[in-house]
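Each remark here refers to the structure printed beneath this line.
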Amino acid sequence: MVEHRTVDVNGIRLHIAEEGEGPLVVLLHGFPESWHSWRHQFGPLAAAGFRAVAPDQRGYGTSDHPEDVSAYSILHLVGDVVGLVHALGEEQAFVVGHDWGAPVAWHTALLRPDVVRGVAGLSVPPPFRGERPPLRTMQERFGGHFYWNYFNLPGVADAEFGADPRSALRRLLVGASGDGVGGGRYEQALVTDLERGWLADMPEPEVLPGWLTEQDLDELAESYAKGFTGALNWYRNLDRNWELTAPWHGARVTPPALYLYGDRDLVPAFPGTPELIDRLPQLMPNLVKDPVLLPGCGHWTQQERPDEVNAELVEFLTGLRD
């Protein structure tokens, strides 16, 4: 059974869900998610002899929501992971991340390889720092209409999503899934009408796909009782993260690594990302296998394809443990 508690980490308090005994596996969710996005992974990981722990990351759920926007930098987020590993009585852990959780996992492996036994990323590939700040780059490319820039507007997306959290989450989850209208074409789903908002062209589905239940949606909506500002503050640090990671420009993730993504996921369709994914085996010598493509899968990798993801994770983790 999954158990819940709160731990003191890196100057804040994090709610965690955990199950199993054995080597520690830290599961990091993305936006707009919570620890609950890993609900299908706890049992299989525990059965395979691992201790699975999924926090609500800072700004999410019942974990602390610092008010200062700058408290959500990538260095804070990596610090939370390292602090969590140590707070749980371990010196090392396997780290797995999806969506925003993937950059946190990758950067934890990049900045603290001594703490990371192995790293897996879902949807978002390993980081290769660009030549220019990302928010500025997308501002120029899409005239401020890319969703990163929309999220960067103080209070705007916060109010749009907060007006009806359950409806917003329903639209976002289904719209970005393999069952949604985006179908991997980021131009349609991620470029925003600034006057109408990001949700304006996302229909509210009458029926949920098989991988998402009304109870799942209730659980997720409840976790946004404190609003969306903490979660959106992660995006508001994108250019700051670019500045803070300058010392690691050109550095490569060195712990053993695994990358999985869906062929209907919007993120791997970002400009330049398909080419990066093709080159990952050459760029990352410790990638244990070629990137794993999940046909028909959208953005919510471990929720849409739990059996395939669990099999890949157990194989990856067991291979490194044994």
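Every chain in the structure tokens has a letter given in the order shown (A, B, ...), and although residue numbers restart at 1 in each chain, ligands are simply numbered from 1 in the order shown.
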
Near Trp242 (chain A), counting only C-alpha atoms, which residues have an atom at most 10 Å away, once you skip same-chain residues fewer than 3 positions from it, shown as JSON, numbers by chain? {"A": [73, 74, 129, 130, 131, 132, 133, 134, 135, 237, 238, 239, 245, 246, 248, 249]}

Take the residues that were just selected and, keeping C-alpha atoms, output them as an mmCIF file, in the first residue's frame.
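That gives us selection.cif:
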data_model
loop_
_atom_site.group_PDB
_atom_site.id
_atom_site.type_symbol
_atom_site.label_atom_id
_atom_site.label_comp_id
_atom_site.auth_asym_id
_atom_site.auth_seq_id
_atom_site.Cartn_x
_atom_site.Cartn_y
_atom_site.Cartn_z
ATOM 1 C CA SER A 73 14.993 27.722 -10.055
ATOM 2 C CA ILE A 74 16.499 24.490 -11.325
ATOM 3 C CA ARG A 129 22.009 23.999 -22.958
ATOM 4 C CA GLY A 130 21.273 26.219 -25.934
ATOM 5 C CA GLU A 131 23.114 29.316 -27.040
ATOM 6 C CA ARG A 132 20.282 31.693 -26.115
ATOM 7 C CA PRO A 133 17.749 32.059 -23.268
ATOM 8 C CA PRO A 134 14.682 29.890 -24.021
ATOM 9 C CA LEU A 135 11.951 32.385 -23.132
ATOM 10 C CA ASN A 237 12.546 30.653 -14.198
ATOM 11 C CA LEU A 238 13.402 29.292 -17.645
ATOM 12 C CA ASP A 239 15.713 32.157 -18.612
ATOM 13 C CA THR A 245 23.552 26.564 -15.678
ATOM 14 C CA ALA A 246 26.226 28.432 -17.663
ATOM 15 C CA TRP A 248 27.653 23.287 -17.223
ATOM 16 C CA HIS A 249 27.407 24.447 -20.831
#

At a cut-off of 7 Å, using only C-alpha atoms, what residues contact Pro55 (chain A)? Leave out same-chain residues fewer than 5 positions from it and give the result as a ChimeraX atom specification. /A:14-17,28,35

Output the selection as a CSV table (one decimal), in the first residue's frame - all heavy atoms for each residue.
chain,number,residue,atom,x,y,z
A,14,LEU,N,8.1,18.8,2.1
A,14,LEU,CA,7.5,18.1,1.0
A,14,LEU,C,6.7,16.9,1.4
A,14,LEU,O,7.0,16.1,2.2
A,14,LEU,CB,8.7,17.6,0.1
A,14,LEU,CG,9.6,18.5,-0.6
A,14,LEU,CD1,10.6,17.8,-1.5
A,14,LEU,CD2,8.8,19.5,-1.5
A,15,HIS,N,5.5,16.9,0.8
A,15,HIS,CA,4.6,15.7,0.9
A,15,HIS,C,5.2,14.6,0.0
A,15,HIS,O,5.5,14.9,-1.2
A,15,HIS,CB,3.2,16.0,0.6
A,15,HIS,CG,2.4,14.8,0.2
A,15,HIS,ND1,2.1,14.4,-1.1
A,15,HIS,CD2,1.9,13.8,1.0
A,15,HIS,CE1,1.4,13.3,-1.1
A,15,HIS,NE2,1.3,12.9,0.2
A,16,ILE,N,5.3,13.4,0.5
A,16,ILE,CA,5.8,12.3,-0.3
A,16,ILE,C,4.8,11.1,-0.2
A,16,ILE,O,4.1,10.9,0.8
A,16,ILE,CB,7.2,11.8,0.1
A,16,ILE,CG1,7.2,11.2,1.5
A,16,ILE,CG2,8.2,12.9,-0.1
A,16,ILE,CD1,8.5,10.5,1.8
A,17,ALA,N,4.7,10.3,-1.2
A,17,ALA,CA,4.1,9.0,-1.2
A,17,ALA,C,5.1,7.9,-1.5
A,17,ALA,O,6.0,8.1,-2.3
A,17,ALA,CB,3.0,9.0,-2.4
A,28,LEU,N,9.6,11.8,-10.1
A,28,LEU,CA,9.4,13.3,-10.2
A,28,LEU,C,8.3,13.6,-11.2
A,28,LEU,O,8.5,13.3,-12.4
A,28,LEU,CB,10.7,14.0,-10.5
A,28,LEU,CG,11.8,13.7,-9.5
A,28,LEU,CD1,13.1,14.3,-10.0
A,28,LEU,CD2,11.5,14.3,-8.1
A,35,TRP,N,2.1,13.8,-7.3
A,35,TRP,CA,2.6,12.4,-7.0
A,35,TRP,C,1.7,11.4,-7.6
A,35,TRP,O,2.2,10.3,-8.0
A,35,TRP,CB,2.7,12.2,-5.5
A,35,TRP,CG,1.4,12.0,-4.9
A,35,TRP,CD1,0.5,13.0,-4.3
A,35,TRP,CD2,0.6,10.8,-4.8
A,35,TRP,NE1,-0.6,12.4,-3.9
A,35,TRP,CE2,-0.6,11.1,-4.2
A,35,TRP,CE3,0.9,9.4,-5.2
A,35,TRP,CZ2,-1.6,10.1,-3.9
A,35,TRP,CZ3,-0.1,8.5,-4.9
A,35,TRP,CH2,-1.3,8.8,-4.3

For Ala157 (chain A): contacts at 9 Å, only C-alpha atoms, fewer than 2 positions along chain excluded, given as a PDB file with C-alpha atoms, in the first residue's frame:
ATOM      1  CA  TYR A 150       1.983  33.028 -21.854  1.00  0.00           C
ATOM      2  CA  PHE A 151       2.763  31.284 -18.567  1.00  0.00           C
ATOM      3  CA  ASN A 152       5.395  33.942 -17.880  1.00  0.00           C
ATOM      4  CA  LEU A 153       2.749  36.693 -17.716  1.00  0.00           C
ATOM      5  CA  PRO A 154       2.197  37.372 -13.984  1.00  0.00           C
ATOM      6  CA  GLY A 155      -1.157  36.096 -12.775  1.00  0.00           C
ATOM      7  CA  ALA A 159      -6.337  33.001 -13.128  1.00  0.00           C
ATOM      8  CA  GLU A 160      -7.351  31.077 -16.251  1.00  0.00           C
ATOM      9  CA  PHE A 161      -6.599  27.668 -14.732  1.00  0.00           C
ATOM     10  CA  GLY A 162      -7.792  28.640 -11.262  1.00  0.00           C
ATOM     11  CA  GLY A 197      -6.278  32.105 -23.214  1.00  0.00           C
ATOM     12  CA  TRP A 198      -4.609  28.722 -23.597  1.00  0.00           C
ATOM     13  CA  PHE A 228      -1.453  27.056  -9.915  1.00  0.00           C
ATOM     14  CA  THR A 229       1.008  29.865  -9.183  1.00  0.00           C
ATOM     15  CA  LEU A 232       3.698  28.120 -13.088  1.00  0.00           C
TER      16      LEU A 232
END

Residues within 12 Å of Gly30 (chain A), only C-alpha atoms, excluding chain neighbours under 3 positions, as JSON, numbers by chain: {"A": [27, 33, 34, 35, 36, 37, 38, 54, 55, 56, 57, 58, 59, 60, 96, 97, 98, 99, 100, 101, 102, 103, 104, 105, 121, 122, 123, 124, 173, 231, 232, 234, 235, 299, 300, 301, 302]}

Export of the given selection (N, CA and C atoms) as a short mmCIF file (atom, residue, chain, number, x, y, z; two decimals), in the first residue's frame:
data_model
loop_
_atom_site.label_atom_id
_atom_site.label_comp_id
_atom_site.auth_asym_id
_atom_site.auth_seq_id
_atom_site.Cartn_x
_atom_site.Cartn_y
_atom_site.Cartn_z
N LEU A 27 10.59 9.38 -7.91
CA LEU A 27 9.74 9.61 -9.07
C LEU A 27 9.27 11.06 -9.07
N GLU A 33 0.58 18.14 -12.78
CA GLU A 33 0.41 16.82 -12.19
C GLU A 33 0.65 16.86 -10.69
N SER A 34 0.90 15.69 -10.12
CA SER A 34 1.19 15.53 -8.70
C SER A 34 1.83 14.16 -8.53
N TRP A 35 2.10 13.78 -7.29
CA TRP A 35 2.63 12.44 -7.03
C TRP A 35 1.74 11.37 -7.65
N HIS A 36 0.43 11.68 -7.77
CA HIS A 36 -0.56 10.71 -8.23
C HIS A 36 -0.31 10.24 -9.66
N SER A 37 0.46 11.00 -10.43
CA SER A 37 0.73 10.59 -11.81
C SER A 37 1.55 9.29 -11.86
N TRP A 38 2.17 8.91 -10.73
CA TRP A 38 2.97 7.68 -10.66
C TRP A 38 2.20 6.53 -10.03
N ALA A 54 7.51 9.18 -4.41
CA ALA A 54 7.10 10.26 -5.30
C ALA A 54 6.69 11.47 -4.47
N PRO A 55 7.43 12.57 -4.55
CA PRO A 55 7.02 13.77 -3.83
C PRO A 55 6.04 14.60 -4.65
N ASP A 56 5.23 15.40 -3.96
CA ASP A 56 4.66 16.58 -4.59
C ASP A 56 5.80 17.59 -4.58
N GLN A 57 6.28 17.97 -5.74
CA GLN A 57 7.42 18.87 -5.77
C GLN A 57 7.01 20.27 -5.29
N ARG A 58 8.00 21.11 -4.99
CA ARG A 58 7.69 22.43 -4.43
C ARG A 58 6.74 23.20 -5.35
N GLY A 59 5.73 23.82 -4.72
CA GLY A 59 4.71 24.53 -5.48
C GLY A 59 3.52 23.69 -5.86
N TYR A 60 3.54 22.41 -5.47
CA TYR A 60 2.47 21.49 -5.83
C TYR A 60 1.84 20.85 -4.59
N VAL A 96 13.87 9.24 -11.56
CA VAL A 96 13.03 9.11 -12.75
C VAL A 96 12.12 10.33 -12.82
N GLY A 97 12.03 10.97 -13.97
CA GLY A 97 11.20 12.16 -14.09
C GLY A 97 10.39 12.18 -15.36
N HIS A 98 9.22 12.81 -15.28
CA HIS A 98 8.35 12.99 -16.44
C HIS A 98 8.02 14.46 -16.60
N ASP A 99 7.92 14.93 -17.86
CA ASP A 99 7.60 16.33 -18.14
C ASP A 99 8.61 17.20 -17.39
N TRP A 100 8.17 18.20 -16.59
CA TRP A 100 9.11 19.04 -15.84
C TRP A 100 9.97 18.21 -14.89
N GLY A 101 9.43 17.08 -14.43
CA GLY A 101 10.23 16.23 -13.57
C GLY A 101 11.44 15.65 -14.27
N ALA A 102 11.37 15.51 -15.61
CA ALA A 102 12.51 14.99 -16.37
C ALA A 102 13.70 15.95 -16.34
N PRO A 103 13.52 17.26 -16.65
CA PRO A 103 14.67 18.15 -16.51
C PRO A 103 15.25 18.18 -15.10
N VAL A 104 14.38 18.05 -14.08
CA VAL A 104 14.90 18.00 -12.72
C VAL A 104 15.74 16.74 -12.53
N ALA A 105 15.24 15.60 -13.02
CA ALA A 105 16.00 14.36 -12.92
C ALA A 105 17.31 14.44 -13.70
N GLY A 121 14.31 9.53 -18.04
CA GLY A 121 13.46 10.66 -18.38
C GLY A 121 12.34 10.22 -19.31
N LEU A 122 11.13 10.72 -19.03
CA LEU A 122 9.96 10.43 -19.86
C LEU A 122 9.49 11.71 -20.51
N SER A 123 9.31 11.70 -21.80
CA SER A 123 8.83 12.82 -22.61
C SER A 123 9.93 13.83 -22.93
N VAL A 124 10.56 14.42 -21.92
CA VAL A 124 11.55 15.48 -22.13
C VAL A 124 12.95 14.86 -22.17
N LEU A 173 -5.21 17.47 -19.77
CA LEU A 173 -4.78 16.08 -19.77
C LEU A 173 -5.23 15.34 -21.03
N ALA A 231 3.26 26.11 -9.39
CA ALA A 231 3.63 25.29 -10.53
C ALA A 231 4.06 26.15 -11.72
N LEU A 232 3.36 27.24 -11.97
CA LEU A 232 3.70 28.12 -13.09
C LEU A 232 5.01 28.86 -12.86
N TRP A 234 7.70 27.63 -12.05
CA TRP A 234 8.78 26.86 -12.67
C TRP A 234 9.10 27.43 -14.06
N TYR A 235 8.04 27.73 -14.83
CA TYR A 235 8.24 28.27 -16.18
C TYR A 235 8.84 29.67 -16.14
N HIS A 299 1.45 12.76 -24.27
CA HIS A 299 2.40 13.37 -23.35
C HIS A 299 2.46 12.70 -21.98
N TRP A 300 1.39 12.05 -21.54
CA TRP A 300 1.33 11.56 -20.15
C TRP A 300 1.83 10.11 -20.10
N THR A 301 3.09 9.96 -20.40
CA THR A 301 3.72 8.68 -20.72
C THR A 301 3.39 7.55 -19.75
N GLN A 302 3.70 7.75 -18.46
CA GLN A 302 3.54 6.65 -17.50
C GLN A 302 2.09 6.40 -17.13
#

I want to know what sits within 12 Å of Ala93 (chain A), based on only C-alpha atoms, with residues of the same chain fewer than 3 positions away left out; could you give that as a CSV table (one decimal) with all heavy atoms, in the first residue's frame?
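This is the output file part_18.csv:
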chain,number,residue,atom,x,y,z
A,22,GLY,N,14.0,-1.5,-0.5
A,22,GLY,CA,15.1,-1.8,-1.4
A,22,GLY,C,15.7,-0.5,-1.8
A,22,GLY,O,15.6,0.6,-1.2
A,23,PRO,N,16.5,-0.5,-2.9
A,23,PRO,CA,17.1,0.7,-3.4
A,23,PRO,C,16.1,1.7,-3.7
A,23,PRO,O,15.0,1.5,-4.2
A,23,PRO,CB,17.8,0.2,-4.7
A,23,PRO,CG,18.0,-1.3,-4.5
A,23,PRO,CD,16.9,-1.7,-3.7
A,24,LEU,N,16.4,3.0,-3.4
A,24,LEU,CA,15.5,4.1,-3.5
A,24,LEU,C,15.3,4.5,-5.0
A,24,LEU,O,16.3,4.7,-5.7
A,24,LEU,CB,16.0,5.3,-2.7
A,24,LEU,CG,15.2,6.6,-2.7
A,24,LEU,CD1,13.8,6.4,-2.2
A,24,LEU,CD2,15.9,7.7,-1.9
A,25,VAL,N,14.1,4.7,-5.4
A,25,VAL,CA,13.8,5.3,-6.7
A,25,VAL,C,12.9,6.5,-6.5
A,25,VAL,O,11.8,6.4,-5.9
A,25,VAL,CB,13.0,4.3,-7.6
A,25,VAL,CG1,12.7,4.9,-9.0
A,25,VAL,CG2,13.8,3.0,-7.7
A,26,VAL,N,13.4,7.7,-6.9
A,26,VAL,CA,12.6,8.9,-6.7
A,26,VAL,C,11.9,9.2,-8.0
A,26,VAL,O,12.5,9.3,-9.1
A,26,VAL,CB,13.6,10.1,-6.3
A,26,VAL,CG1,12.8,11.4,-6.2
A,26,VAL,CG2,14.3,9.8,-5.0
A,27,LEU,N,10.6,9.4,-7.9
A,27,LEU,CA,9.7,9.6,-9.1
A,27,LEU,C,9.3,11.1,-9.1
A,27,LEU,O,8.6,11.5,-8.1
A,27,LEU,CB,8.5,8.7,-9.0
A,27,LEU,CG,8.9,7.2,-8.9
A,27,LEU,CD1,7.6,6.4,-8.6
A,27,LEU,CD2,9.5,6.7,-10.2
A,50,PHE,N,12.2,-2.6,-5.1
A,50,PHE,CA,12.6,-1.2,-5.0
A,50,PHE,C,11.7,-0.4,-4.0
A,50,PHE,O,10.6,-0.8,-3.8
A,50,PHE,CB,12.6,-0.5,-6.3
A,50,PHE,CG,13.7,-1.1,-7.3
A,50,PHE,CD1,13.3,-2.1,-8.2
A,50,PHE,CD2,15.0,-0.7,-7.3
A,50,PHE,CE1,14.2,-2.6,-9.1
A,50,PHE,CE2,15.9,-1.2,-8.1
A,50,PHE,CZ,15.5,-2.2,-9.0
A,51,ARG,N,12.3,0.7,-3.5
A,51,ARG,CA,11.5,1.6,-2.6
A,51,ARG,C,11.2,2.8,-3.5
A,51,ARG,O,12.0,3.6,-3.8
A,51,ARG,CB,12.4,2.0,-1.4
A,51,ARG,CG,11.7,3.0,-0.5
A,51,ARG,CD,12.8,3.5,0.5
A,51,ARG,NE,12.2,4.4,1.5
A,51,ARG,CZ,12.9,5.1,2.4
A,51,ARG,NH1,14.2,5.0,2.4
A,51,ARG,NH2,12.3,5.9,3.3
A,52,ALA,N,9.9,2.9,-3.9
A,52,ALA,CA,9.5,4.0,-4.8
A,52,ALA,C,8.9,5.1,-3.9
A,52,ALA,O,8.1,5.0,-3.1
A,52,ALA,CB,8.4,3.5,-5.7
A,53,VAL,N,9.4,6.3,-4.2
A,53,VAL,CA,9.0,7.5,-3.5
A,53,VAL,C,8.7,8.6,-4.5
A,53,VAL,O,9.6,9.0,-5.3
A,53,VAL,CB,10.1,8.0,-2.5
A,53,VAL,CG1,9.7,9.4,-1.9
A,53,VAL,CG2,10.4,7.0,-1.4
A,81,VAL,N,15.7,17.4,-4.6
A,81,VAL,CA,15.9,15.9,-4.8
A,81,VAL,C,17.1,15.4,-4.0
A,81,VAL,O,16.9,14.4,-3.3
A,81,VAL,CB,16.1,15.7,-6.3
A,81,VAL,CG1,16.4,14.2,-6.6
A,81,VAL,CG2,15.0,16.1,-7.2
A,82,VAL,N,18.2,16.1,-4.0
A,82,VAL,CA,19.3,15.7,-3.2
A,82,VAL,C,19.0,15.6,-1.8
A,82,VAL,O,19.3,14.7,-1.0
A,82,VAL,CB,20.5,16.6,-3.5
A,82,VAL,CG1,21.7,16.2,-2.6
A,82,VAL,CG2,21.0,16.5,-5.0
A,83,GLY,N,18.3,16.7,-1.3
A,83,GLY,CA,17.9,16.7,0.1
A,83,GLY,C,16.9,15.6,0.5
A,83,GLY,O,17.0,15.1,1.6
A,84,LEU,N,16.0,15.3,-0.5
A,84,LEU,CA,15.1,14.2,-0.2
A,84,LEU,C,15.8,12.9,-0.1
A,84,LEU,O,15.5,12.1,0.8
A,84,LEU,CB,14.0,14.2,-1.3
A,84,LEU,CG,13.0,13.0,-1.2
A,84,LEU,CD1,12.2,13.1,0.0
A,84,LEU,CD2,12.1,13.1,-2.5
A,85,VAL,N,16.7,12.6,-1.0
A,85,VAL,CA,17.5,11.4,-0.9
A,85,VAL,C,18.2,11.2,0.5
A,85,VAL,O,18.1,10.2,1.1
A,85,VAL,CB,18.6,11.3,-2.0
A,85,VAL,CG1,19.5,10.1,-1.8
A,85,VAL,CG2,17.9,11.2,-3.4
A,86,HIS,N,18.8,12.3,0.9
A,86,HIS,CA,19.5,12.2,2.2
A,86,HIS,C,18.5,12.2,3.4
A,86,HIS,O,18.7,11.5,4.4
A,86,HIS,CB,20.4,13.4,2.3
A,86,HIS,CG,21.5,13.4,1.4
A,86,HIS,ND1,22.2,14.6,1.0
A,86,HIS,CD2,22.1,12.4,0.7
A,86,HIS,CE1,23.1,14.2,0.1
A,86,HIS,NE2,23.1,12.9,-0.1
A,87,ALA,N,17.4,12.9,3.3
A,87,ALA,CA,16.3,12.9,4.3
A,87,ALA,C,15.8,11.5,4.5
A,87,ALA,O,15.3,11.1,5.6
A,87,ALA,CB,15.2,13.9,4.0
A,88,LEU,N,15.8,10.7,3.4
A,88,LEU,CA,15.3,9.3,3.5
A,88,LEU,C,16.3,8.3,3.9
A,88,LEU,O,16.1,7.1,3.8
A,88,LEU,CB,14.7,8.9,2.1
A,88,LEU,CG,13.4,9.7,1.7
A,88,LEU,CD1,13.0,9.4,0.2
A,88,LEU,CD2,12.3,9.5,2.6
A,89,GLY,N,17.5,8.8,4.3
A,89,GLY,CA,18.5,8.0,4.9
A,89,GLY,C,19.4,7.3,3.8
A,89,GLY,O,20.1,6.3,4.2
A,90,GLU,N,19.4,7.8,2.6
A,90,GLU,CA,20.3,7.2,1.6
A,90,GLU,C,21.3,8.2,1.1
A,90,GLU,O,21.2,9.4,1.2
A,90,GLU,CB,19.4,6.8,0.4
A,90,GLU,CG,18.3,5.8,0.8
A,90,GLU,CD,18.8,4.5,1.1
A,90,GLU,OE1,20.0,4.2,0.8
A,90,GLU,OE2,18.0,3.7,1.7
A,96,VAL,N,13.9,9.2,-11.6
A,96,VAL,CA,13.0,9.1,-12.7
A,96,VAL,C,12.1,10.3,-12.8
A,96,VAL,O,11.5,10.7,-11.8
A,96,VAL,CB,12.2,7.8,-12.7
A,96,VAL,CG1,11.3,7.7,-13.9
A,96,VAL,CG2,13.1,6.6,-12.5
A,105,ALA,N,15.2,15.6,-13.0
A,105,ALA,CA,16.0,14.4,-12.9
A,105,ALA,C,17.3,14.4,-13.7
A,105,ALA,O,18.4,14.1,-13.2
A,105,ALA,CB,15.2,13.2,-13.4
A,108,THR,N,19.7,16.7,-11.9
A,108,THR,CA,20.3,16.1,-10.7
A,108,THR,C,21.4,15.2,-11.1
A,108,THR,O,22.5,15.2,-10.4
A,108,THR,CB,19.2,15.3,-10.0
A,108,THR,OG1,18.1,16.2,-9.7
A,108,THR,CG2,19.7,14.8,-8.7
A,109,ALA,N,21.2,14.4,-12.2
A,109,ALA,CA,22.3,13.6,-12.6
A,109,ALA,C,23.5,14.4,-13.2
A,109,ALA,O,24.7,14.0,-13.0
A,109,ALA,CB,21.8,12.6,-13.7
A,112,ARG,N,24.9,16.4,-9.8
A,112,ARG,CA,25.3,15.6,-8.7
A,112,ARG,C,25.3,14.1,-9.1
A,112,ARG,O,24.6,13.3,-8.6
A,112,ARG,CB,24.3,15.8,-7.5
A,112,ARG,CG,24.4,17.1,-6.8
A,112,ARG,CD,25.8,17.4,-6.2
A,112,ARG,NE,26.2,16.3,-5.3
A,112,ARG,CZ,25.9,16.3,-4.0
A,112,ARG,NH1,25.2,17.3,-3.5
A,112,ARG,NH2,26.4,15.4,-3.2
A,113,PRO,N,26.2,13.8,-10.0
A,113,PRO,CA,26.3,12.4,-10.4
A,113,PRO,C,26.7,11.4,-9.3
A,113,PRO,O,26.4,10.2,-9.4
A,113,PRO,CB,27.4,12.4,-11.6
A,113,PRO,CG,28.2,13.6,-11.3
A,113,PRO,CD,27.2,14.6,-10.7
A,114,ASP,N,27.3,12.0,-8.3
A,114,ASP,CA,27.6,11.1,-7.1
A,114,ASP,C,26.4,10.6,-6.4
A,114,ASP,O,26.5,9.6,-5.7
A,114,ASP,CB,28.5,11.9,-6.2
A,114,ASP,CG,27.9,13.2,-5.6
A,114,ASP,OD1,27.4,14.0,-6.5
A,114,ASP,OD2,27.9,13.4,-4.4
A,115,VAL,N,25.3,11.3,-6.5
A,115,VAL,CA,24.0,10.9,-5.8
A,115,VAL,C,23.2,10.0,-6.7
A,115,VAL,O,22.3,9.3,-6.2
A,115,VAL,CB,23.3,12.2,-5.4
A,115,VAL,CG1,21.9,11.9,-4.8
A,115,VAL,CG2,24.1,13.0,-4.4
A,116,VAL,N,23.4,10.0,-8.0
A,116,VAL,CA,22.4,9.4,-8.9
A,116,VAL,C,23.0,8.1,-9.5
A,116,VAL,O,24.0,8.1,-10.2
A,116,VAL,CB,22.1,10.3,-10.1
A,116,VAL,CG1,21.2,9.6,-11.1
A,116,VAL,CG2,21.4,11.6,-9.5
A,117,ARG,N,22.4,6.9,-9.1
A,117,ARG,CA,22.9,5.6,-9.6
A,117,ARG,C,22.4,5.4,-11.0
A,117,ARG,O,23.1,4.7,-11.8
A,117,ARG,CB,22.3,4.5,-8.7
A,117,ARG,CG,22.7,4.5,-7.3
A,117,ARG,CD,22.1,3.4,-6.5
A,117,ARG,NE,22.5,2.1,-7.0
A,117,ARG,CZ,22.1,0.9,-6.4
A,117,ARG,NH1,21.3,1.0,-5.3
A,117,ARG,NH2,22.5,-0.2,-6.9
A,118,GLY,N,21.3,6.0,-11.4
A,118,GLY,CA,20.8,5.9,-12.8
A,118,GLY,C,19.7,6.9,-12.9
A,118,GLY,O,19.0,7.2,-12.0
A,119,VAL,N,19.5,7.4,-14.2
A,119,VAL,CA,18.4,8.4,-14.4
A,119,VAL,C,17.6,8.0,-15.6
A,119,VAL,O,18.1,7.6,-16.6
A,119,VAL,CB,19.1,9.8,-14.6
A,119,VAL,CG1,20.1,9.8,-15.7
A,119,VAL,CG2,18.0,10.9,-14.8
A,120,ALA,N,16.3,8.2,-15.5
A,120,ALA,CA,15.4,7.9,-16.6
A,120,ALA,C,14.5,9.2,-16.8
A,120,ALA,O,14.0,9.7,-15.8
A,120,ALA,CB,14.5,6.7,-16.3
A,255,PRO,N,25.7,9.5,-15.5
A,255,PRO,CA,25.2,8.2,-15.0
A,255,PRO,C,24.4,7.4,-16.1
A,255,PRO,O,23.9,8.0,-17.1
A,255,PRO,CB,24.2,8.7,-13.9
A,255,PRO,CG,24.7,10.0,-13.5
A,255,PRO,CD,25.2,10.6,-14.8
A,317,LEU,N,16.3,-0.5,-14.0
A,317,LEU,CA,16.7,-0.4,-12.6
A,317,LEU,C,17.3,-1.7,-12.1
A,317,LEU,O,18.3,-1.7,-11.4
A,317,LEU,CB,15.5,0.0,-11.8
A,317,LEU,CG,14.9,1.3,-12.1
A,317,LEU,CD1,13.6,1.5,-11.3
A,317,LEU,CD2,15.8,2.5,-11.7
A,320,LEU,N,20.9,-2.2,-13.3
A,320,LEU,CA,21.9,-1.4,-12.6
A,320,LEU,C,22.1,-1.9,-11.2
A,320,LEU,O,23.2,-1.8,-10.6
A,320,LEU,CB,21.5,0.0,-12.6
A,320,LEU,CG,21.4,0.7,-14.0
A,320,LEU,CD1,20.9,2.2,-13.8
A,320,LEU,CD2,22.8,0.7,-14.6
A,321,ARG,N,21.0,-2.4,-10.6
A,321,ARG,CA,21.1,-2.9,-9.2
A,321,ARG,C,21.9,-4.2,-9.1
A,321,ARG,O,22.7,-4.4,-8.2
A,321,ARG,CB,19.7,-3.1,-8.6
A,321,ARG,CG,19.7,-3.7,-7.2
A,321,ARG,CD,18.3,-4.1,-6.8
A,321,ARG,NE,17.8,-5.2,-7.7
A,321,ARG,CZ,16.5,-5.6,-7.7
A,321,ARG,NH1,15.6,-5.1,-6.9
A,321,ARG,NH2,16.1,-6.6,-8.5

Taking into account only C-alpha atoms, which residue in the set A:Asp179, A:Pro165, A:Gly298, A:Leu280 is nearest to Ala221 (chain A)?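 Going through A:Asp179, A:Pro165, A:Gly298, A:Leu280 one by one, the smallest distance to Ala221 (chain A) is for A:Pro165.
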
Pick from A:Pro306, A:Pro256, A:Gly262, A:Gly296: nearest to Gly43 (chain A), with only C-alpha atoms counted? A:Pro306

Contact residues around Ile277 (chain A) with only C-alpha atoms at 12 Å, ignoring same-chain residues under 4 positions, as a tab-separated table (two decimals) with C-alpha atoms, in the first residue's frame:
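Output (out_10.tsv):
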chain	number	residue	atom	x	y	z
A	123	SER	CA	8.83	12.82	-22.61
A	124	VAL	CA	11.55	15.48	-22.13
A	125	PRO	CA	15.00	14.41	-23.40
A	126	PRO	CA	18.30	15.13	-21.61
A	127	PRO	CA	19.35	18.79	-21.37
A	128	PHE	CA	21.75	20.31	-23.84
A	258	LEU	CA	17.10	5.74	-20.18
A	259	TYR	CA	14.76	7.88	-22.29
A	260	LEU	CA	11.16	7.05	-23.26
A	261	TYR	CA	8.64	9.09	-25.26
A	263	ASP	CA	5.05	9.38	-30.92
A	267	VAL	CA	7.18	17.92	-26.44
A	268	PRO	CA	9.40	15.76	-28.68
A	269	ALA	CA	7.92	17.70	-31.62
A	270	PHE	CA	9.44	21.01	-30.39
A	271	PRO	CA	11.78	22.66	-32.90
A	272	GLY	CA	15.10	20.82	-32.96
A	273	THR	CA	14.00	18.07	-30.55
A	281	PRO	CA	22.95	7.51	-28.67
A	282	GLN	CA	25.99	9.38	-30.01
A	283	LEU	CA	25.74	12.28	-27.55
A	284	MET	CA	25.24	10.15	-24.43
A	287	LEU	CA	22.40	5.75	-22.56
A	290	ASP	CA	18.26	3.67	-27.97
A	291	PRO	CA	15.39	6.04	-27.06
A	292	VAL	CA	12.25	4.00	-26.48
A	293	LEU	CA	9.35	5.12	-28.69

Backbone DSSP call of alpha helix (DSSP H) for region 59-227 of chain A, listed as a ChimeraX atom specification: /A:74-87,101-111,134-142,147-151,156-162,165-175,186-190,214-222

Which residue gives the smallest distance to Ala225 (chain A) among A:Gly61, A:Gly175, A:Gly79, A:Gly143, with only C-alpha atoms counted? A:Gly61

Determine the nearest neighbour of Phe146 (chain A) from the options A:Leu294, A:Leu169, A:Val191, A:Asp158, counting only C-alpha atoms.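 Looking at the shortest contact to Phe146 (chain A), the residue is A:Val191.
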